[in-house]
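Engineer: Got final.tsv for you, TSV, C-alpha atoms and all ligand atoms:
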```
chain	number	residue	atom	x	y	z
A	1	MET	CA	112.76	115.74	81.49
A	2	PHE	CA	114.63	113.68	84.04
A	3	ILE	CA	114.47	109.92	84.54
A	4	ASP	CA	114.89	108.24	87.92
A	5	THR	CA	116.47	104.98	86.77
A	6	HIS	CA	116.32	103.27	90.16
A	7	ALA	CA	113.71	103.74	92.91
A	8	HIS	CA	111.88	101.39	95.24
A	9	LEU	CA	108.74	103.52	95.54
A	10	TYR	CA	106.62	100.44	96.22
A	11	VAL	CA	108.02	99.79	99.73
A	12	LYS	CA	106.07	100.50	102.90
A	13	GLN	CA	107.83	103.82	103.56
A	14	PHE	CA	105.63	105.25	100.78
A	15	ASP	CA	102.32	103.63	101.76
A	16	GLU	CA	100.91	106.80	103.28
A	17	ASP	CA	101.63	109.33	100.53
A	18	ILE	CA	102.66	107.64	97.30
A	19	ASP	CA	100.31	109.80	95.22
A	20	SER	CA	102.00	113.00	96.40
A	21	VAL	CA	105.42	111.39	95.95
A	22	ILE	CA	104.63	110.70	92.28
A	23	GLN	CA	103.10	114.16	91.84
A	24	ARG	CA	106.19	115.84	93.32
A	25	ALA	CA	108.37	113.81	90.96
A	26	VAL	CA	106.35	114.92	87.93
A	27	ASP	CA	106.42	118.52	89.19
A	28	SER	CA	110.23	118.25	89.39
A	29	LYS	CA	110.33	117.08	85.74
A	30	VAL	CA	111.09	113.48	86.79
A	31	GLN	CA	108.68	111.87	84.39
A	32	LYS	CA	109.78	108.24	84.29
A	33	ILE	CA	110.76	106.07	87.23
A	34	PHE	CA	112.24	102.60	86.93
A	35	LEU	CA	111.42	100.19	89.75
A	36	PRO	CA	113.87	97.35	90.45
A	37	ASN	CA	112.38	94.49	92.42
A	38	ILE	CA	113.91	92.98	95.57
A	39	ASP	CA	112.42	89.47	95.94
A	40	SER	CA	109.11	87.58	95.86
A	41	THR	CA	107.81	89.47	98.89
A	42	SER	CA	107.91	92.81	97.03
A	43	THR	CA	106.66	91.71	93.60
A	44	GLU	CA	102.99	92.34	94.24
A	45	SER	CA	103.38	95.88	95.56
A	46	MET	CA	105.78	96.74	92.72
A	47	PHE	CA	103.24	95.72	90.07
A	48	LYS	CA	100.41	97.38	91.94
A	49	LEU	CA	102.27	100.69	91.78
A	50	SER	CA	103.27	100.23	88.12
A	51	GLU	CA	99.67	99.48	87.20
A	52	ALA	CA	98.44	102.55	89.07
A	53	TYR	CA	100.96	104.76	87.23
A	54	PRO	CA	101.58	103.08	83.87
A	55	ASN	CA	103.03	106.25	82.31
A	56	GLN	CA	105.45	106.98	85.15
A	57	CYS	CA	106.47	103.66	86.72
A	58	PHE	CA	108.20	100.78	84.97
A	59	PRO	CA	108.64	97.45	86.80
A	60	MET	CA	111.75	95.26	86.54
A	61	MET	CA	112.19	91.71	87.82
A	62	GLY	CA	115.26	90.33	89.55
A	63	LEU	CA	116.50	88.77	92.75
A	64	HIS	CA	118.43	91.25	94.90
A	65	PRO	CA	121.74	89.82	96.21
A	66	CYS	CA	120.75	90.59	99.81
A	67	SER	CA	117.77	88.27	99.33
A	68	VAL	CA	119.89	85.35	98.11
A	69	LYS	CA	119.52	82.69	100.83
A	70	GLU	CA	119.11	78.87	100.94
A	71	ASN	CA	115.94	79.14	98.86
A	72	PHE	CA	117.47	81.20	96.06
A	73	GLN	CA	116.58	78.64	93.39
A	74	GLU	CA	112.91	79.02	94.28
A	75	GLU	CA	113.27	82.80	94.23
A	76	LEU	CA	114.87	82.59	90.79
A	77	GLU	CA	111.98	80.48	89.53
A	78	HIS	CA	109.67	83.25	90.73
A	79	VAL	CA	111.69	85.86	88.80
A	80	LYS	CA	111.44	83.79	85.65
A	81	GLU	CA	107.75	83.04	86.00
A	82	ILE	CA	106.80	86.70	86.53
A	83	GLN	CA	109.17	87.88	83.82
A	84	LEU	CA	107.54	85.58	81.31
A	85	SER	CA	103.97	86.46	82.29
A	86	LYS	CA	104.20	90.22	82.88
A	87	ASN	CA	105.59	93.19	81.01
A	88	CYS	CA	108.99	94.01	82.56
A	89	PHE	CA	111.59	96.55	81.48
A	90	GLY	CA	114.82	95.24	82.96
A	91	VAL	CA	116.42	92.48	85.03
A	92	GLY	CA	117.19	93.81	88.48
A	93	GLU	CA	118.28	94.38	90.81
A	94	ILE	CA	120.86	91.66	90.64
A	95	GLY	CA	124.50	91.42	91.67
A	96	ILE	CA	126.70	90.78	94.66
A	97	ASP	CA	126.68	92.44	98.09
A	98	LEU	CA	129.59	91.68	100.38
A	99	TYR	CA	128.92	94.57	102.73
A	100	TRP	CA	126.02	93.16	104.71
A	101	ASP	CA	126.73	89.43	104.71
A	102	LYS	CA	129.23	87.15	102.98
A	103	THR	CA	127.51	83.86	103.99
A	104	TYR	CA	125.93	83.31	100.59
A	105	GLU	CA	128.67	84.75	98.41
A	106	ALA	CA	128.85	81.65	96.18
A	107	GLN	CA	125.07	81.58	95.78
A	108	GLN	CA	125.00	85.31	95.05
A	109	ILE	CA	127.51	84.78	92.25
A	110	GLU	CA	125.51	81.88	90.86
A	111	ALA	CA	122.23	83.82	90.96
A	112	PHE	CA	123.95	86.80	89.30
A	113	ARG	CA	125.29	84.68	86.45
A	114	ILE	CA	121.96	82.93	85.87
A	115	GLN	CA	120.07	86.22	85.73
A	116	ILE	CA	122.60	87.72	83.32
A	117	GLN	CA	121.99	84.79	80.96
A	118	TRP	CA	118.25	85.37	81.21
A	119	ALA	CA	118.68	89.08	80.48
A	120	LYS	CA	120.54	88.17	77.30
A	121	GLU	CA	117.78	85.80	76.28
A	122	TRP	CA	115.08	88.35	77.06
A	123	LYS	CA	117.11	91.22	75.58
A	124	LEU	CA	116.64	93.36	78.65
A	125	PRO	CA	119.17	95.55	80.47
A	126	ILE	CA	120.58	94.43	83.83
A	127	ILE	CA	120.59	96.60	86.93
A	128	ILE	CA	123.66	95.68	88.94
A	129	HIS	CA	124.05	96.06	92.68
A	130	SER	CA	127.76	95.88	93.47
A	131	ARG	CA	128.27	96.96	97.05
A	132	GLU	CA	131.86	96.04	98.02
A	133	SER	CA	131.95	93.71	95.03
A	134	LEU	CA	133.11	95.59	91.91
A	135	HIS	CA	136.19	93.32	91.91
A	136	LEU	CA	133.77	90.42	91.23
A	137	THR	CA	130.90	92.00	89.31
A	138	ILE	CA	133.01	93.79	86.69
A	139	PRO	CA	134.93	90.66	85.58
A	140	ILE	CA	131.71	88.61	85.43
A	141	VAL	CA	130.00	91.19	83.25
A	142	GLU	CA	133.13	91.52	81.08
A	143	GLU	CA	133.12	87.77	80.62
A	144	LEU	CA	129.41	87.39	79.82
A	145	HIS	CA	128.70	90.54	77.90
A	146	ASP	CA	127.89	90.44	74.20
A	147	GLU	CA	125.75	92.46	71.79
A	148	ASN	CA	122.59	91.35	73.64
A	149	LEU	CA	123.76	92.53	77.04
A	150	THR	CA	123.60	96.05	78.36
A	151	GLY	CA	123.06	97.50	81.80
A	152	VAL	CA	124.01	99.81	84.61
A	153	PHE	CA	126.26	99.57	87.64
A	154	HIS	CA	123.78	101.17	89.98
A	155	CYS	CA	125.04	103.39	92.82
A	156	PHE	CA	128.51	103.45	91.31
A	157	THR	CA	131.22	104.42	93.79
A	158	GLY	CA	134.23	102.75	92.20
A	159	THR	CA	137.57	104.07	91.03
A	160	ILE	CA	138.42	105.75	87.73
A	161	GLU	CA	139.87	102.41	86.54
A	162	ASP	CA	136.56	100.68	87.37
A	163	ALA	CA	134.71	103.39	85.46
A	164	GLU	CA	136.94	102.91	82.41
A	165	ARG	CA	136.31	99.16	82.35
A	166	ILE	CA	132.56	99.71	82.65
A	167	ALA	CA	132.56	102.33	79.89
A	168	ARG	CA	134.63	100.09	77.63
A	169	ILE	CA	131.89	97.43	77.50
A	170	GLY	CA	129.22	100.09	76.92
A	171	PHE	CA	127.67	99.87	80.35
A	172	TYR	CA	126.40	102.85	82.33
A	173	MET	CA	127.05	104.04	85.86
A	174	GLY	CA	124.16	105.12	88.07
A	175	VAL	CA	124.78	108.30	90.07
A	176	GLY	CA	122.67	109.05	93.12
A	177	GLY	CA	122.69	110.71	96.52
A	178	VAL	CA	126.14	109.41	97.45
A	179	SER	CA	127.60	111.87	94.94
A	180	THR	CA	126.41	114.71	97.20
A	181	PHE	CA	128.08	113.32	100.34
A	182	LYS	CA	131.34	114.89	101.48
A	183	ASN	CA	132.87	111.48	102.23
A	184	GLY	CA	131.32	109.77	99.19
A	185	GLY	CA	134.49	110.02	97.11
A	186	MET	CA	132.60	110.91	93.95
A	187	ASP	CA	133.99	114.45	93.90
A	188	LYS	CA	137.26	112.87	92.71
A	189	THR	CA	135.93	110.36	90.18
A	190	LEU	CA	132.92	112.08	88.62
A	191	PRO	CA	134.93	114.87	86.95
A	192	GLU	CA	136.88	112.11	85.14
A	193	ILE	CA	133.87	110.16	83.85
A	194	SER	CA	132.19	111.33	80.65
A	195	LEU	CA	128.49	112.17	80.83
A	196	ASP	CA	128.08	109.64	78.01
A	197	HIS	CA	128.31	106.87	80.61
A	198	LEU	CA	126.15	108.29	83.39
A	199	ILE	CA	122.51	108.00	84.34
A	200	LEU	CA	120.71	109.44	87.37
A	201	GLU	CA	118.99	107.50	90.14
A	202	THR	CA	117.71	108.00	93.67
A	203	ASP	CA	117.55	104.44	95.09
A	204	ALA	CA	114.59	105.82	97.08
A	205	PRO	CA	113.80	105.40	99.97
A	206	TYR	CA	117.54	105.01	100.67
A	207	LEU	CA	120.55	107.32	100.22
A	208	ALA	CA	118.80	110.69	100.08
A	209	PRO	CA	121.02	113.46	98.69
A	210	LYS	CA	122.08	116.51	100.66
A	211	PRO	CA	120.31	118.35	102.33
A	212	TYR	CA	118.02	115.39	103.01
A	213	ARG	CA	120.76	112.93	103.93
A	214	GLY	CA	119.46	110.38	106.46
A	215	LYS	CA	115.81	111.14	105.62
A	216	ARG	CA	113.51	109.25	103.25
A	217	ASN	CA	114.62	109.66	99.66
A	218	GLU	CA	112.19	110.21	96.79
A	219	SER	CA	112.28	110.68	93.02
A	220	SER	CA	111.69	114.44	93.16
A	221	TYR	CA	115.25	114.80	94.52
A	222	ILE	CA	116.76	113.84	91.15
A	223	PRO	CA	117.38	117.52	90.22
A	224	LEU	CA	119.57	117.88	93.36
A	225	ILE	CA	121.73	115.01	92.10
A	226	ALA	CA	121.82	116.52	88.61
A	227	GLN	CA	122.94	119.84	90.07
A	228	ARG	CA	125.75	118.11	91.97
A	229	VAL	CA	126.93	116.32	88.82
A	230	ALA	CA	126.78	119.64	86.94
A	231	ASP	CA	128.85	121.38	89.63
A	232	LEU	CA	131.47	118.61	89.76
A	233	LYS	CA	131.78	118.50	85.98
A	234	ASN	CA	131.52	122.21	85.44
A	235	VAL	CA	128.64	121.98	82.98
A	236	SER	CA	125.05	123.22	83.09
A	237	VAL	CA	122.31	121.24	84.80
A	238	GLU	CA	120.46	121.26	81.45
A	239	GLU	CA	123.36	119.43	79.85
A	240	VAL	CA	123.37	116.84	82.62
A	241	MET	CA	119.62	116.40	82.17
A	242	GLU	CA	119.81	116.03	78.40
A	243	LYS	CA	122.74	113.61	78.35
A	244	THR	CA	121.62	111.39	81.22
A	245	THR	CA	118.06	111.24	79.91
A	246	ALA	CA	119.29	110.31	76.44
A	247	ASN	CA	121.44	107.56	78.00
A	248	ALA	CA	118.55	106.23	80.06
A	249	LYS	CA	116.32	106.19	76.97
A	250	LYS	CA	118.91	104.13	75.14
A	251	LEU	CA	119.35	101.74	78.04
A	252	PHE	CA	115.64	101.30	78.70
A	253	ALA	CA	114.65	101.42	75.03
A	254	LYS	CA	111.71	99.09	75.58
A	255	ALA	CA	109.95	101.60	77.85
A	256	PHE	CA	110.27	104.30	75.21
A	257	SER	CA	109.38	102.31	72.14
A	258	GLU	CA	105.97	101.51	73.65
A	259	THR	CA	104.91	105.04	74.57
A	301	NI	NI	118.13	99.48	94.96
```
Could you write out this structure as structure tokens?
Structural biologist:
Amino acid sequence: MFIDTHAHLYVKQFDEDIDSVIQRAVDSKVQKIFLPNIDSTSTESMFKLSEAYPNQCFPMMGLHPCSVKENFQEELEHVKEIQLSKNCFGVGEIGIDLYWDKTYEAQQIEAFRIQIQWAKEWKLPIIIHSRESLHLTIPIVEELHDENLTGVFHCFTGTIEDAERIARIGFYMGVGGVSTFKNGGMDKTLPEISLDHLILETDAPYLAPKPYRGKRNESSYIPLIAQRVADLKNVSVEEVMEKTTANAKKLFAKAFSET
């Protein structure tokens, strides 16, 4: 089986046909889907979906860096409150995004650090969003990581040196639709990164892989990403499936110890 380690299937783009989206995922052997939250406005729909599909969908709580604004302390309180009252499987997505807006860079860093500390306390993996910010996120994780901290650099598009630093602290890199893009740059880096450090993700509804680029993404496209990784690394798609699924099971151990 495949695991989609990062999908926002609870957003409005899926309101009309979520049941068929889940069915298509299962039919494509994508049997588990991890849902990172965005902020307090998306919490309810995320849990609604996870409760409707308890065997497929696993909710995670975190404040997305693009939602870090003046009220980020309040938003963090919300993360903590829900985390402590509901069953969650990761802390995410969290991190730093300097692509869209740098206004709240300092607050993004603060929120990232606070949520990493919580993840250590709660012994849950972190899901890191690092758009245009690997130069900040990697050193922070290197500084704070210990035996209670594990996680993934989701939508990894860094250099081979970045990948080596991430692998050295036992973190994973999430590979998604960008790997199938001609200008994505992953054709150069992926062949150099061992499958031991990779997991698969869609980031649905965003970043659909070829040939669906620009359209709505969904979890059933995971095999297309696996095929691309297999082609770039010159291995079979079965090997990519087995290794990345084993990695995801290790990372999200809580979701697998309960089923
Ligand atoms: Ni995301």
Engineer: Can you tell me which residues come within 7 Å of ligand NI 301 (chain A) when counting all atoms listed in the file, ideally as a list of chain:residue names?
Structural biologist: A:His6, A:Ala7, A:His8, A:Pro36, A:Glu93, A:Asp203
Engineer: Which is closer to Ser45 in chain A than all the others in A:Glu192, A:Asp15, A:Asp231, A:Glu143, using only C-alpha atoms?
Structural biologist: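 Using only C-alpha atoms, the shortest distance to Ser45 in chain A belongs to A:Asp15.
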Engineer: Report as a PyMOL selection string all protein, DNA and RNA residues lying within 9 Å of Gln31 in chain A, evaluated on all atoms listed in the file, omitting residues in the same chain fewer than 6 positions from it.
Structural biologist: chain A and resi 1-4+22+25+55-57
Engineer: When you count only C-alpha atoms, which of these residues is closest to Thr244 in chain A: A:Tyr104, A:Phe256, A:Phe47, A:Tyr172?
Structural biologist: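 With only C-alpha atoms as the atom set, the closest residue is A:Tyr172.
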Engineer: Rounded to one decimal, what separation in Å do you get between CA of Ala253 in chain A and CA of His145 in chain A?
Structural biologist: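 Going from CA of Ala253 in chain A over to CA of His145 in chain A covers 18.0 Å.
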Engineer: State, in Å with one decimal place, the distance from CA of Glu164 in chain A to CA of Pro139 in chain A.
Structural biologist: 12.8 Å
Engineer: Enumerate, as a list in words, the protein, DNA and RNA residues whose atoms approach (108.1, 101.5, 90.2) to within 7 Å, taking into account only C-alpha atoms and the coordinate frame of the file.
Structural biologist: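 Those residues lying close to the given coordinates are Ala7, His8, Leu9, Tyr10, Ile33, Phe34, Leu35, Met46, Leu49, Ser50, Cys57, Phe58 and Pro59 of chain A.
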Engineer: Pick the closest to Glu51 in chain A from A:Arg113, A:Lys86, A:Lys80, A:Lys12: which is it, counting all atoms listed in the file?
Structural biologist: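 For Glu51 in chain A, the nearest of the candidates is A:Lys86.
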Engineer: Kindly give the distance, in Å, that separates CA of Phe153 in chain A and CA of Glu132 in chain A, rounded to a single decimal.
Structural biologist: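 Computing the Euclidean distance for CA of Phe153 in chain A and CA of Glu132 in chain A yields 12.3 Å.
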